$ cat input-v6.pdb   # PDB, C-alpha atoms, pLDDT in the B column
ATOM      1  CA  MET A   1      -2.814 -17.957  58.221  1.00 55.00           C
ATOM      2  CA  ALA A   2      -3.051 -20.661  55.595  1.00 63.00           C
ATOM      3  CA  GLN A   3      -5.772 -20.412  53.025  1.00 82.00           C
ATOM      4  CA  GLU A   4      -8.100 -23.238  52.142  1.00 85.00           C
ATOM      5  CA  PHE A   5      -9.845 -24.017  48.873  1.00 88.00           C
ATOM      6  CA  TRP A   6     -12.874 -26.127  47.975  1.00 90.00           C
ATOM      7  CA  PRO A   7     -14.057 -26.245  44.344  1.00 94.00           C
ATOM      8  CA  GLN A   8     -17.582 -25.015  43.776  1.00 95.00           C
ATOM      9  CA  ASP A   9     -20.068 -26.674  41.456  1.00 96.00           C
ATOM     10  CA  THR A  10     -20.982 -24.660  38.380  1.00 96.00           C
ATOM     11  CA  ALA A  11     -23.738 -24.966  35.804  1.00 96.00           C
ATOM     12  CA  THR A  12     -21.601 -27.439  33.820  1.00 97.00           C
ATOM     13  CA  GLU A  13     -19.366 -29.027  36.500  1.00 97.00           C
ATOM     14  CA  MET A  14     -19.921 -31.030  39.668  1.00 97.00           C
ATOM     15  CA  TYR A  15     -17.252 -32.013  42.222  1.00 97.00           C
ATOM     16  CA  LEU A  16     -17.613 -35.023  44.531  1.00 96.00           C
ATOM     17  CA  ALA A  17     -14.982 -35.364  47.250  1.00 90.00           C
ATOM     18  CA  SER A  18     -15.752 -38.730  48.731  1.00 83.00           C
ATOM     19  CA  THR A  19     -16.270 -42.210  47.483  1.00 86.00           C
ATOM     20  CA  TYR A  20     -19.469 -42.806  45.579  1.00 91.00           C
ATOM     21  CA  ASP A  21     -20.654 -45.899  43.798  1.00 93.00           C
ATOM     22  CA  LEU A  22     -21.815 -45.662  40.197  1.00 93.00           C
ATOM     23  CA  LYS A  23     -25.497 -45.674  41.172  1.00 95.00           C
ATOM     24  CA  GLU A  24     -24.983 -42.631  43.442  1.00 96.00           C
ATOM     25  CA  ILE A  25     -23.028 -40.792  40.738  1.00 95.00           C
ATOM     26  CA  LEU A  26     -25.766 -41.440  38.170  1.00 95.00           C
ATOM     27  CA  GLU A  27     -28.441 -40.276  40.636  1.00 96.00           C
ATOM     28  CA  ARG A  28     -26.547 -37.031  41.288  1.00 96.00           C
ATOM     29  CA  ILE A  29     -26.134 -36.459  37.546  1.00 97.00           C
ATOM     30  CA  GLN A  30     -29.872 -36.888  36.936  1.00 97.00           C
ATOM     31  CA  LYS A  31     -30.706 -34.626  39.884  1.00 97.00           C
ATOM     32  CA  LYS A  32     -28.436 -31.828  38.628  1.00 97.00           C
ATOM     33  CA  TRP A  33     -29.081 -32.312  34.891  1.00 97.00           C
ATOM     34  CA  PRO A  34     -32.434 -34.072  34.412  1.00 96.00           C
ATOM     35  CA  GLY A  35     -32.572 -35.949  31.131  1.00 93.00           C
ATOM     36  CA  ALA A  36     -28.812 -35.735  30.480  1.00 94.00           C
ATOM     37  CA  THR A  37     -27.595 -38.538  28.239  1.00 93.00           C
ATOM     38  CA  PRO A  38     -24.269 -40.407  28.602  1.00 92.00           C
ATOM     39  CA  GLU A  39     -23.008 -38.604  25.475  1.00 94.00           C
ATOM     40  CA  GLN A  40     -23.408 -35.279  27.306  1.00 96.00           C
ATOM     41  CA  ILE A  41     -21.437 -36.298  30.418  1.00 97.00           C
ATOM     42  CA  THR A  42     -17.743 -36.784  31.148  1.00 97.00           C
ATOM     43  CA  ILE A  43     -16.455 -38.239  34.421  1.00 96.00           C
ATOM     44  CA  ASP A  44     -12.849 -37.769  35.498  1.00 95.00           C
ATOM     45  CA  THR A  45     -10.783 -37.272  38.639  1.00 95.00           C
ATOM     46  CA  ASP A  46      -8.583 -34.381  39.688  1.00 94.00           C
ATOM     47  CA  ARG A  47      -6.508 -33.499  42.731  1.00 93.00           C
ATOM     48  CA  PHE A  48      -6.664 -30.023  44.216  1.00 90.00           C
ATOM     49  CA  GLN A  49      -4.675 -28.523  47.033  1.00 88.00           C
ATOM     50  CA  THR A  50      -7.430 -27.813  49.534  1.00 89.00           C
ATOM     51  CA  LYS A  51      -5.480 -27.081  52.721  1.00 88.00           C
ATOM     52  CA  CYS A  52      -2.458 -24.977  53.710  1.00 85.00           C
ATOM     53  CA  ILE A  53      -2.346 -23.046  50.433  1.00 84.00           C
ATOM     54  CA  GLY A  54       0.655 -20.750  50.394  1.00 78.00           C
ATOM     55  CA  TYR A  55       3.035 -22.947  52.382  1.00 77.00           C
ATOM     56  CA  ASP A  56       6.261 -23.943  50.658  1.00 71.00           C
ATOM     57  CA  LEU A  57       6.280 -27.568  51.792  1.00 72.00           C
ATOM     58  CA  TYR A  58       4.577 -30.352  49.870  1.00 76.00           C
ATOM     59  CA  ASP A  59       2.302 -32.417  52.063  1.00 83.00           C
ATOM     60  CA  PRO A  60       0.096 -35.043  50.395  1.00 85.00           C
ATOM     61  CA  SER A  61      -2.567 -34.628  53.087  1.00 87.00           C
ATOM     62  CA  ASP A  62      -3.130 -31.047  51.877  1.00 89.00           C
ATOM     63  CA  TYR A  63      -4.638 -32.411  48.648  1.00 90.00           C
ATOM     64  CA  THR A  64      -8.087 -33.875  48.024  1.00 92.00           C
ATOM     65  CA  THR A  65      -9.049 -36.089  45.093  1.00 94.00           C
ATOM     66  CA  PHE A  66     -12.378 -35.195  43.510  1.00 96.00           C
ATOM     67  CA  ILE A  67     -14.621 -36.956  41.034  1.00 96.00           C
ATOM     68  CA  VAL A  68     -15.231 -34.259  38.422  1.00 97.00           C
ATOM     69  CA  ILE A  69     -18.391 -34.584  36.359  1.00 97.00           C
ATOM     70  CA  ARG A  70     -18.910 -32.258  33.421  1.00 97.00           C
ATOM     71  CA  ARG A  71     -21.897 -31.725  31.184  1.00 97.00           C
ATOM     72  CA  ILE A  72     -20.921 -31.042  27.594  1.00 93.00           C
ATOM     73  CA  GLU A  73     -23.053 -28.378  25.993  1.00 80.00           C
ATOM     74  CA  ALA A  74     -24.113 -29.450  22.521  1.00 64.00           C
TER
END
$ encode --input "input-v6.pdb" --output "structure tokens"
Amino acid sequence: MAQEFWPQDTATEMYLASTYDLKEILERIQKKWPGATPEQITIDTDRFQTKCIGYDLYDPSDYTTFIVIRRIEA
């Protein structure tokens, strides 16, 4: 049976798997890290294989693109 993977949020990272506008991203940042300043936040994207882990064939639909938001500890 194929394994699946979904990244879990941590104390310093948040993963968003669907499309969000900037307002929604900023609201989620303030909800998770109240008072966080722009200097404390990085926003990037990353692709993870989330389906059919362990199969030898490459299938683009097995990957999910995430918005990755990180809080930088000062």
$ resolve_selection --input "input-v6.pdb" --expression "the PyMOL selection byres ((chain A and resi 50-59) around 7)" --output "ChimeraX atom specification"
/A:2-6,48-49,60-64
$ resolve_selection --input "input-v6.pdb" --expression "the PyMOL selection byres ((chain A and resi 71) around 10)" --output "PyMOL selection string"
chain A and resi 11-14+29+32-33+36-43+69-70+72-74
$ atom_distance --input "input-v6.pdb" --atom1 "CA of Asp9 in chain A" --atom2 "CA of Lys31 in chain A"
13.4 Å
$ closest_residue --input "input-v6.pdb" --among "A:Leu26, A:Thr45, A:Thr10, A:Thr19" --to "Ile67 in chain A" --atoms "all atoms listed in the file"
A:Thr45
$ atom_distance --input "input-v6.pdb" --atom1 "CA of Gln8 in chain A" --atom2 "CA of Asp44 in chain A"
15.9 Å
$ closest_residue --input "input-v6.pdb" --among "A:Gly35, A:Gln30, A:Ala17, A:Ile25" --to "Thr65 in chain A" --atoms "only C-alpha atoms"
A:Ala17
$ closest_residue --input "input-v6.pdb" --among "A:Phe66, A:Leu16, A:Leu22, A:Pro7" --to "Asp46 in chain A" --atoms "all atoms listed in the file"
A:Phe66
$ axis_aligned_box --input "input-v6.pdb" --around "range 49-60 of chain A" --padding-each-side "6 Å" --output "AutoDock Vina command-line options"
--center_x -0.6 --center_y -27.9 --center_z 50.4 --size_x 25.7 --size_y 26.3 --size_z 18.7
$ decode --input "input-v6.pdb" --residues "range 32-44 of chain A" --atoms "N, CA and C atoms" --output "CSV table (one decimal), in the first residue's frame"
chain,number,residue,atom,x,y,z
A,32,LYS,N,-1.6,32.9,14.1
A,32,LYS,CA,-0.6,31.9,14.6
A,32,LYS,C,0.4,32.6,15.5
A,33,TRP,N,0.9,33.8,15.0
A,33,TRP,CA,2.0,34.5,15.7
A,33,TRP,C,1.5,35.9,15.9
A,34,PRO,N,0.7,36.2,16.9
A,34,PRO,CA,0.2,37.6,17.1
A,34,PRO,C,1.3,38.5,17.4
A,35,GLY,N,1.3,39.7,16.7
A,35,GLY,CA,2.3,40.7,16.8
A,35,GLY,C,3.6,40.4,16.0
A,36,ALA,N,3.6,39.4,15.2
A,36,ALA,CA,4.8,39.1,14.4
A,36,ALA,C,5.0,40.3,13.4
A,37,THR,N,6.2,40.7,13.2
A,37,THR,CA,6.5,41.8,12.3
A,37,THR,C,7.0,41.2,10.9
A,38,PRO,N,6.9,41.9,9.8
A,38,PRO,CA,7.4,41.4,8.5
A,38,PRO,C,8.8,40.9,8.6
A,39,GLU,N,9.7,41.6,9.4
A,39,GLU,CA,11.1,41.1,9.5
A,39,GLU,C,11.2,39.8,10.1
A,40,GLN,N,10.2,39.3,10.8
A,40,GLN,CA,10.3,38.0,11.5
A,40,GLN,C,9.7,36.9,10.7
A,41,ILE,N,9.2,37.2,9.5
A,41,ILE,CA,8.4,36.2,8.7
A,41,ILE,C,9.1,36.0,7.3
A,42,THR,N,9.2,34.8,6.9
A,42,THR,CA,9.6,34.5,5.5
A,42,THR,C,8.4,33.7,4.8
A,43,ILE,N,8.2,33.9,3.6
A,43,ILE,CA,7.2,33.2,2.8
A,43,ILE,C,7.8,32.7,1.6
A,44,ASP,N,7.6,31.4,1.3
A,44,ASP,CA,8.2,30.7,0.2
A,44,ASP,C,7.2,29.6,-0.3
